[in-house]
Amino acid sequence: MKTTAIFPGSFDPLTLGHLNIIEKASRLFGRIIIGVLPNNAKTPLFSADERVKMIAEVVEKFGNVEVKCFDGLLVDFVREEQADCVIRGIRNMTDFDYEVRMSQVNQKMLPSYETVFLITDSIYSCISSTDVRSGVRYGVDLRDFVPPRVNELIREKYKENYK
Ligand code: PNS
């Protein structure tokens, strides 16, 4: 039987760090569902639909990764999809502290909830979507932070920042 894992997040935008975790997960699990949460950021870089579309383009090559939007509680999404576990990427101990707490809160609501932590390769451990969003504001070259297709979409959408 195929093991289904959910990789949830805001992915605004998808970074090379996220892609590193997706690549690892696609080797370890039968089926991966990327769950895109339309985040509460007041000024998102991309709408949830744009994010779903851009991620689907980038992960097509893996063959076992799907992309869906979910709103509300992660445990409800896990139930609906009958997923076996949730994947979270860990860059450092700050991530770890936060994720352990999140996992335990989710376990209270859904006792069968399990998190699998995958450690980000060290070259990606300084990358965050938050920093990428600031970089876009100042027209920073983001090729070392996001996949080429995401960089293209950022430059198309925010051309005025990249003169
Ligand atoms: O991209 P992020 O910020 O790392 O993703 C965080 C995410 C989407 C995994 C987390 O905020 C989440 O699970 N949100 C859904 C609401 C929820 O279930 N919260 C759990 C405790 S109340």
# chains A, B, ... in the order shown; residues from 1 in each chain; ligands from 1
$ residues_near_ligand --ligand "ligand 1" --cutoff "6 Å" --atoms "only C-alpha atoms and all ligand atoms" --output "PyMOL selection string"
chain A and resi 8-11+37+72-75
$ write_last_selection --atoms "C-alpha atoms" --output "JSON list (two decimals), in the first residue's frame"
[["chain", "number", "residue", "atom", "x", "y", "z"],
["A", 8, "PRO", "CA", 1.68, 21.73, 4.22],
["A", 9, "GLY", "CA", 2.72, 25.38, 4.07],
["A", 10, "SER", "CA", 2.05, 28.85, 2.74],
["A", 11, "PHE", "CA", 4.66, 28.55, -0.04],
["A", 37, "LEU", "CA", -2.64, 27.35, 2.87],
["A", 72, "GLY", "CA", -8.88, 25.64, 8.02],
["A", 73, "LEU", "CA", -7.25, 23.08, 10.24],
["A", 74, "LEU", "CA", -4.42, 20.90, 9.03],
["A", 75, "VAL", "CA", -5.84, 17.91, 10.94]]
$ select_by_dssp --residues "chain A" --states "strand (DSSP E)" --output "list in words"
Thr4, Ala5, Ile6, Phe7, Pro8, Gly9, Arg31, Ile32, Ile33, Ile34, Gly35, Val36, Val65, Glu66, Val67, Lys68, Cys69, Cys85, Val86, Ile87, Arg88, Gly89, Ile90, Thr115, Val116, Phe117, Leu118 and Ile119 of chain A
$ closest_residue --among "A:Glu160, A:Glu80, A:Asp121, A:Asp12" --to "Lys24 (chain A)" --atoms "only C-alpha atoms"
A:Asp121
$ residues_around --residues "region 42-46 of chain A" --least-positions-apart "5" --cutoff "12 Å" --atoms "only C-alpha atoms" --output "list in words"
Ser10, Phe11, Asp12, Pro13, Leu14, Val36, Leu37, Arg51, Val52, Lys53, Met54, Ile55, Ser129, Thr130, Asp131, Val132, Arg133, Ser134, Gly135, Val136, Arg137, Val150, Leu153, Ile154, Arg155, Glu156, Lys157 and Tyr158 of chain A
$ closest_residue --among "A:Met109, A:Ile33, A:Ile127, A:Leu28" --to "Ala83 (chain A)" --atoms "only C-alpha atoms"
A:Ile33
$ residues_around --residues "Asn92 (chain A)" --least-positions-apart "3" --cutoff "8 Å" --atoms "only C-alpha atoms" --output "count of residues only"
3
$ closest_residue --among "A:Val86, A:Leu110, A:Leu16, A:Ala5" --to "Val59 (chain A)" --atoms "only C-alpha atoms"
A:Leu16
$ select_by_dssp --residues "chain A" --states "helix (DSSP H, G or I)" --output "CSV table (one decimal) with C-alpha atoms, in the first residue's frame"
chain,number,residue,atom,x,y,z
A,16,LEU,CA,14.7,26.0,-3.1
A,17,GLY,CA,14.5,24.9,0.6
A,18,HIS,CA,10.9,23.7,0.0
A,19,LEU,CA,12.0,22.0,-3.2
A,20,ASN,CA,14.8,20.2,-1.3
A,21,ILE,CA,12.3,18.8,1.1
A,22,ILE,CA,9.9,17.8,-1.6
A,23,GLU,CA,12.6,16.0,-3.5
A,24,LYS,CA,13.6,14.0,-0.4
A,25,ALA,CA,9.9,13.2,0.4
A,26,SER,CA,9.2,12.0,-3.1
A,27,ARG,CA,12.0,9.4,-2.7
A,28,LEU,CA,10.7,8.3,0.7
A,48,ALA,CA,-3.2,30.8,-3.5
A,49,ASP,CA,-4.3,29.8,-7.0
A,50,GLU,CA,-1.1,31.2,-8.5
A,51,ARG,CA,1.0,29.3,-5.9
A,52,VAL,CA,-0.8,26.0,-6.6
A,53,LYS,CA,-0.2,26.5,-10.3
A,54,MET,CA,3.5,27.5,-9.9
A,55,ILE,CA,4.2,24.6,-7.5
A,56,ALA,CA,2.5,22.1,-9.8
A,57,GLU,CA,4.7,23.2,-12.7
A,58,VAL,CA,7.9,22.8,-10.6
A,59,VAL,CA,7.1,19.4,-9.1
A,60,GLU,CA,5.7,17.7,-12.2
A,61,LYS,CA,9.0,16.0,-12.8
A,62,PHE,CA,8.7,13.9,-9.6
A,74,LEU,CA,-4.4,20.9,9.0
A,75,VAL,CA,-5.8,17.9,10.9
A,76,ASP,CA,-9.1,18.2,8.9
A,77,PHE,CA,-7.1,18.1,5.7
A,78,VAL,CA,-5.1,15.1,6.9
A,79,ARG,CA,-8.4,13.3,7.7
A,80,GLU,CA,-10.0,14.2,4.3
A,81,GLU,CA,-7.0,13.0,2.4
A,93,MET,CA,16.6,24.3,16.4
A,94,THR,CA,14.2,27.3,16.2
A,95,ASP,CA,12.2,25.4,13.5
A,96,PHE,CA,12.4,22.2,15.6
A,97,ASP,CA,11.0,23.8,18.8
A,98,TYR,CA,8.1,25.4,16.9
A,99,GLU,CA,7.4,22.2,15.0
A,100,VAL,CA,7.4,19.9,18.0
A,101,ARG,CA,4.8,22.1,19.7
A,102,MET,CA,2.7,22.3,16.5
A,103,SER,CA,2.8,18.5,16.1
A,104,GLN,CA,1.8,18.0,19.7
A,105,VAL,CA,-1.1,20.4,19.4
A,106,ASN,CA,-2.3,18.6,16.2
A,107,GLN,CA,-1.9,15.2,18.0
A,108,LYS,CA,-4.3,16.4,20.7
A,109,MET,CA,-7.0,17.0,18.0
A,122,SER,CA,22.8,23.0,4.9
A,123,ILE,CA,23.1,25.1,1.7
A,124,TYR,CA,19.4,25.8,1.9
A,129,SER,CA,9.8,32.8,2.0
A,130,THR,CA,9.7,35.8,4.3
A,131,ASP,CA,13.2,36.9,3.2
A,132,VAL,CA,12.3,36.2,-0.4
A,133,ARG,CA,9.3,38.5,-0.1
A,134,SER,CA,11.5,41.3,1.2
A,135,GLY,CA,14.0,40.6,-1.6
A,136,VAL,CA,11.3,41.1,-4.2
A,137,ARG,CA,10.4,44.5,-2.7
A,148,PRO,CA,14.1,29.1,-11.9
A,149,ARG,CA,10.4,29.0,-12.8
A,150,VAL,CA,9.5,30.8,-9.6
A,151,ASN,CA,12.2,33.5,-10.3
A,152,GLU,CA,10.7,33.9,-13.8
A,153,LEU,CA,7.2,34.4,-12.4
A,154,ILE,CA,8.4,36.9,-9.8
A,155,ARG,CA,10.2,38.9,-12.5
A,156,GLU,CA,7.1,38.9,-14.7
A,157,LYS,CA,4.7,39.9,-11.9
A,159,LYS,CA,8.8,43.8,-13.4
A,160,GLU,CA,8.8,47.4,-12.0
A,161,ASN,CA,11.1,46.2,-9.1
$ atom_distance --atom1 "CA of Thr3 (chain A)" --atom2 "CA of Ile90 (chain A)"
21.0 Å
$ atom_distance --atom1 "CA of Arg88 (chain A)" --atom2 "CA of Phe117 (chain A)"
5.1 Å
$ closest_residue --among "A:Gly63, A:Gly30, A:Gly89, A:Pro111" --to "Thr4 (chain A)" --atoms "only C-alpha atoms"
A:Gly30
$ atom_distance --atom1 "CA of Thr15 (chain A)" --atom2 "CA of Ser112 (chain A)"
29.7 Å
